[in-house]
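Below you'll find the structure, written out as structure tokens, and then a few comments.
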Amino acid sequence: LPRLLATLAARASGLLNGADVARSLAMPQSTVRRYIVLLEATFLVVLLPAWSTNHSSRLAKAAKVLVTDSGLACYLVGASERRLEDDGSTRGAMLENFITMEILKQRAWSRTRPSLYHFRSAAGAEVDLVLEDRAGRVVGIEIKTARTVGAEAFRGLRALRELAGKKFVRGVLLHDGLESVHFDPTLMTAPLSAVWDSEA
């Protein structure tokens, strides 16, 4: 279990490929599946399912894996403060893991209590987090470590908007800058602090 947890931490915010994890640990895939269920039951990992317009058709079958405690995830992969500063890939994965878990916690007191998913189209467009309420209304959230972003950064959110149609409410790109900017009526950027500060 500790080896599996460390392996999942190294893949935090990525798609879970059970066969690949089993190969890397020289462990039967059936055992990996059982252990992941146990890690979920003990609130050490969360699997974020793929979003699609209906439950029978999935654009990506694989769930994303998240480690509940981002500090633990950083420890397991040896991500010191210096490494997070120098290694953009690790920093991005850990930031996405952290923000997603914070939003998942806030779901507990939300009036709408949305379901959380990730989105990946057949063409490779991705959205880190998709929130969907019981009425089917959709909000997409992208998480970036960059301080400034351009129009290309909205590729995944635009693909989600096109697929969701009228049920798409808003697409938000969270970034490491300080300003909120509306790119069009339904797409905007916001600082990471907006997750906690409603006035940000």
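Ligands are numbered from 1 in the order shown, residues from 1 within each chain, and chains are lettered A, B, ... in the order they appear in the structure tokens.
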
Would you kindly return, as a VMD selection string, each protein, DNA or RNA residue with an atom no farther than 7 Å from any atom of region 45-47 of chain A, considering only C-alpha atoms and excluding same-chain residues fewer than 3 positions away? chain A and resid 39 to 40 63 to 68

Tell me which protein, DNA and RNA residues are within 9 Å of region 179-192 of chain A, counting only C-alpha atoms, leaving out same-chain ones fewer than 3 positions away, and put them as a ChimeraX atom specification. /A:99,143-144,147,149,151,154,157-158,161,168-176,195-196,200

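Rounded to one decimal, CA of Ala135 (chain A) and CA of Leu160 (chain A) lie 16.8 Å from each other.
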
Have a look at A:Ser121, A:Thr42, A:Gln106, A:Ser13 and name the one nearest to Ser70 (chain A); count only C-alpha atoms.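 Selected residue with least distance to Ser70 (chain A): A:Ser13.
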
Between CA of Ala194 (chain A) and CA of Phe43 (chain A) - distance in Å to one decimal: 25.8 Å

What does the distance between CA of Ala50 (chain A) and CA of Thr145 (chain A) come to in Å, to one decimal place?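 Value for the CA of Ala50 (chain A)-CA of Thr145 (chain A) distance: 22.8 Å.
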
I'd like the neighbourhood of region 5-10 of chain A as number ranges by chain, where a residue qualifies if any of its atoms comes within 6 Å (using only C-alpha atoms), though same-chain residues fewer than 6 positions away should be ignored. A: 73, 76-77

Residues from last step as file, all heavy atoms, as a PDB file, in the first residue's frame:
ATOM      1  N   ALA A  73       1.168  14.390  -0.617  1.00  0.00           N
ATOM      2  CA  ALA A  73       1.557  14.100  -2.006  1.00  0.00           C
ATOM      3  C   ALA A  73       2.943  14.667  -2.307  1.00  0.00           C
ATOM      4  O   ALA A  73       3.788  13.985  -2.899  1.00  0.00           O
ATOM      5  CB  ALA A  73       0.526  14.675  -2.965  1.00  0.00           C
ATOM      6  N   LEU A  76       5.585  12.541  -0.586  1.00  0.00           N
ATOM      7  CA  LEU A  76       5.772  11.227  -1.210  1.00  0.00           C
ATOM      8  C   LEU A  76       6.583  11.304  -2.502  1.00  0.00           C
ATOM      9  O   LEU A  76       7.274  10.353  -2.864  1.00  0.00           O
ATOM     10  CB  LEU A  76       4.417  10.575  -1.479  1.00  0.00           C
ATOM     11  CG  LEU A  76       3.649  10.115  -0.236  1.00  0.00           C
ATOM     12  CD1 LEU A  76       2.239   9.689  -0.600  1.00  0.00           C
ATOM     13  CD2 LEU A  76       4.394   8.974   0.463  1.00  0.00           C
ATOM     14  N   VAL A  77       6.499  12.429  -3.216  1.00  0.00           N
ATOM     15  CA  VAL A  77       7.273  12.563  -4.464  1.00  0.00           C
ATOM     16  C   VAL A  77       8.559  13.356  -4.249  1.00  0.00           C
ATOM     17  O   VAL A  77       9.291  13.619  -5.204  1.00  0.00           O
ATOM     18  CB  VAL A  77       6.427  13.220  -5.587  1.00  0.00           C
ATOM     19  CG1 VAL A  77       5.197  12.378  -5.881  1.00  0.00           C
ATOM     20  CG2 VAL A  77       6.041  14.646  -5.247  1.00  0.00           C
TER      21      VAL A  77
END

Distance criterion (only C-alpha atoms): nearest to Pro49 (chain A) out of A:Arg83, A:Arg91, A:His118, A:Arg113: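 Ranking A:Arg83, A:Arg91, A:His118, A:Arg113 by distance to Pro49 (chain A), first place goes to A:His118.
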
Give me the residues within 10 Å of Lys166 (chain A) as a list in words, counting only C-alpha atoms and dropping any in the same chain fewer than 6 places off.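 Everything that qualifies: Gly136, Arg137 and Val138 of chain A.
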
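Comparing A:Leu116, A:Val21, A:Met101, A:Ala146 by their smallest distance to Asp133 (chain A), the closest is A:Leu116 (using only C-alpha atoms).
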
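Of all the residues in region 12-164 of chain A, the ones DSSP labels as strand (DSSP E) from the backbone are Val45, Val46, Leu47, Leu48, Lys64, Val65, Leu66, Val67, Ser115, Leu116, Tyr117, His118, Phe119, Arg120, Glu126, Val127, Asp128, Leu129, Val130, Leu131, Glu132, Val138, Val139, Gly140, Ile141, Glu142 and Ile143 of chain A.
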
What's around region 124-130 of chain A at 6 Å? Count only C-alpha atoms, leave out sequence neighbours fewer than 6 positions away in its own chain, and write the answer as a PDB file with N, CA, C and O atoms, in the first residue's frame.
ATOM      1  N   LEU A 116     -18.404  16.644  -9.247  1.00  0.00           N
ATOM      2  CA  LEU A 116     -17.122  17.069  -9.815  1.00  0.00           C
ATOM      3  C   LEU A 116     -16.592  16.028 -10.790  1.00  0.00           C
ATOM      4  O   LEU A 116     -16.656  14.819 -10.518  1.00  0.00           O
ATOM      5  N   TYR A 117     -16.073  16.511 -11.917  1.00  0.00           N
ATOM      6  CA  TYR A 117     -15.534  15.667 -12.970  1.00  0.00           C
ATOM      7  C   TYR A 117     -14.299  16.339 -13.576  1.00  0.00           C
ATOM      8  O   TYR A 117     -13.962  17.464 -13.232  1.00  0.00           O
ATOM      9  N   HIS A 118     -13.674  15.638 -14.511  1.00  0.00           N
ATOM     10  CA  HIS A 118     -12.690  16.267 -15.392  1.00  0.00           C
ATOM     11  C   HIS A 118     -13.177  16.051 -16.817  1.00  0.00           C
ATOM     12  O   HIS A 118     -14.081  15.245 -17.059  1.00  0.00           O
ATOM     13  N   VAL A 139     -20.082  24.284 -15.050  1.00  0.00           N
ATOM     14  CA  VAL A 139     -19.021  25.273 -14.898  1.00  0.00           C
ATOM     15  C   VAL A 139     -17.696  24.547 -15.078  1.00  0.00           C
ATOM     16  O   VAL A 139     -17.481  23.487 -14.486  1.00  0.00           O
ATOM     17  N   GLY A 140     -16.826  25.106 -15.907  1.00  0.00           N
ATOM     18  CA  GLY A 140     -15.506  24.521 -16.114  1.00  0.00           C
ATOM     19  C   GLY A 140     -14.433  25.364 -15.442  1.00  0.00           C
ATOM     20  O   GLY A 140     -14.527  26.597 -15.441  1.00  0.00           O
ATOM     21  N   ILE A 141     -13.452  24.700 -14.856  1.00  0.00           N
ATOM     22  CA  ILE A 141     -12.350  25.401 -14.189  1.00  0.00           C
ATOM     23  C   ILE A 141     -11.023  24.848 -14.679  1.00  0.00           C
ATOM     24  O   ILE A 141     -10.781  23.635 -14.601  1.00  0.00           O
ATOM     25  N   GLU A 142     -10.188  25.737 -15.182  1.00  0.00           N
ATOM     26  CA  GLU A 142      -8.814  25.395 -15.572  1.00  0.00           C
ATOM     27  C   GLU A 142      -7.876  25.989 -14.530  1.00  0.00           C
ATOM     28  O   GLU A 142      -8.099  27.104 -14.048  1.00  0.00           O
ATOM     29  N   GLY A 156      -9.573  24.268 -23.957  1.00  0.00           N
ATOM     30  CA  GLY A 156     -10.368  23.228 -23.318  1.00  0.00           C
ATOM     31  C   GLY A 156     -11.731  23.728 -22.880  1.00  0.00           C
ATOM     32  O   GLY A 156     -12.746  23.044 -23.060  1.00  0.00           O
TER      33      GLY A 156
END
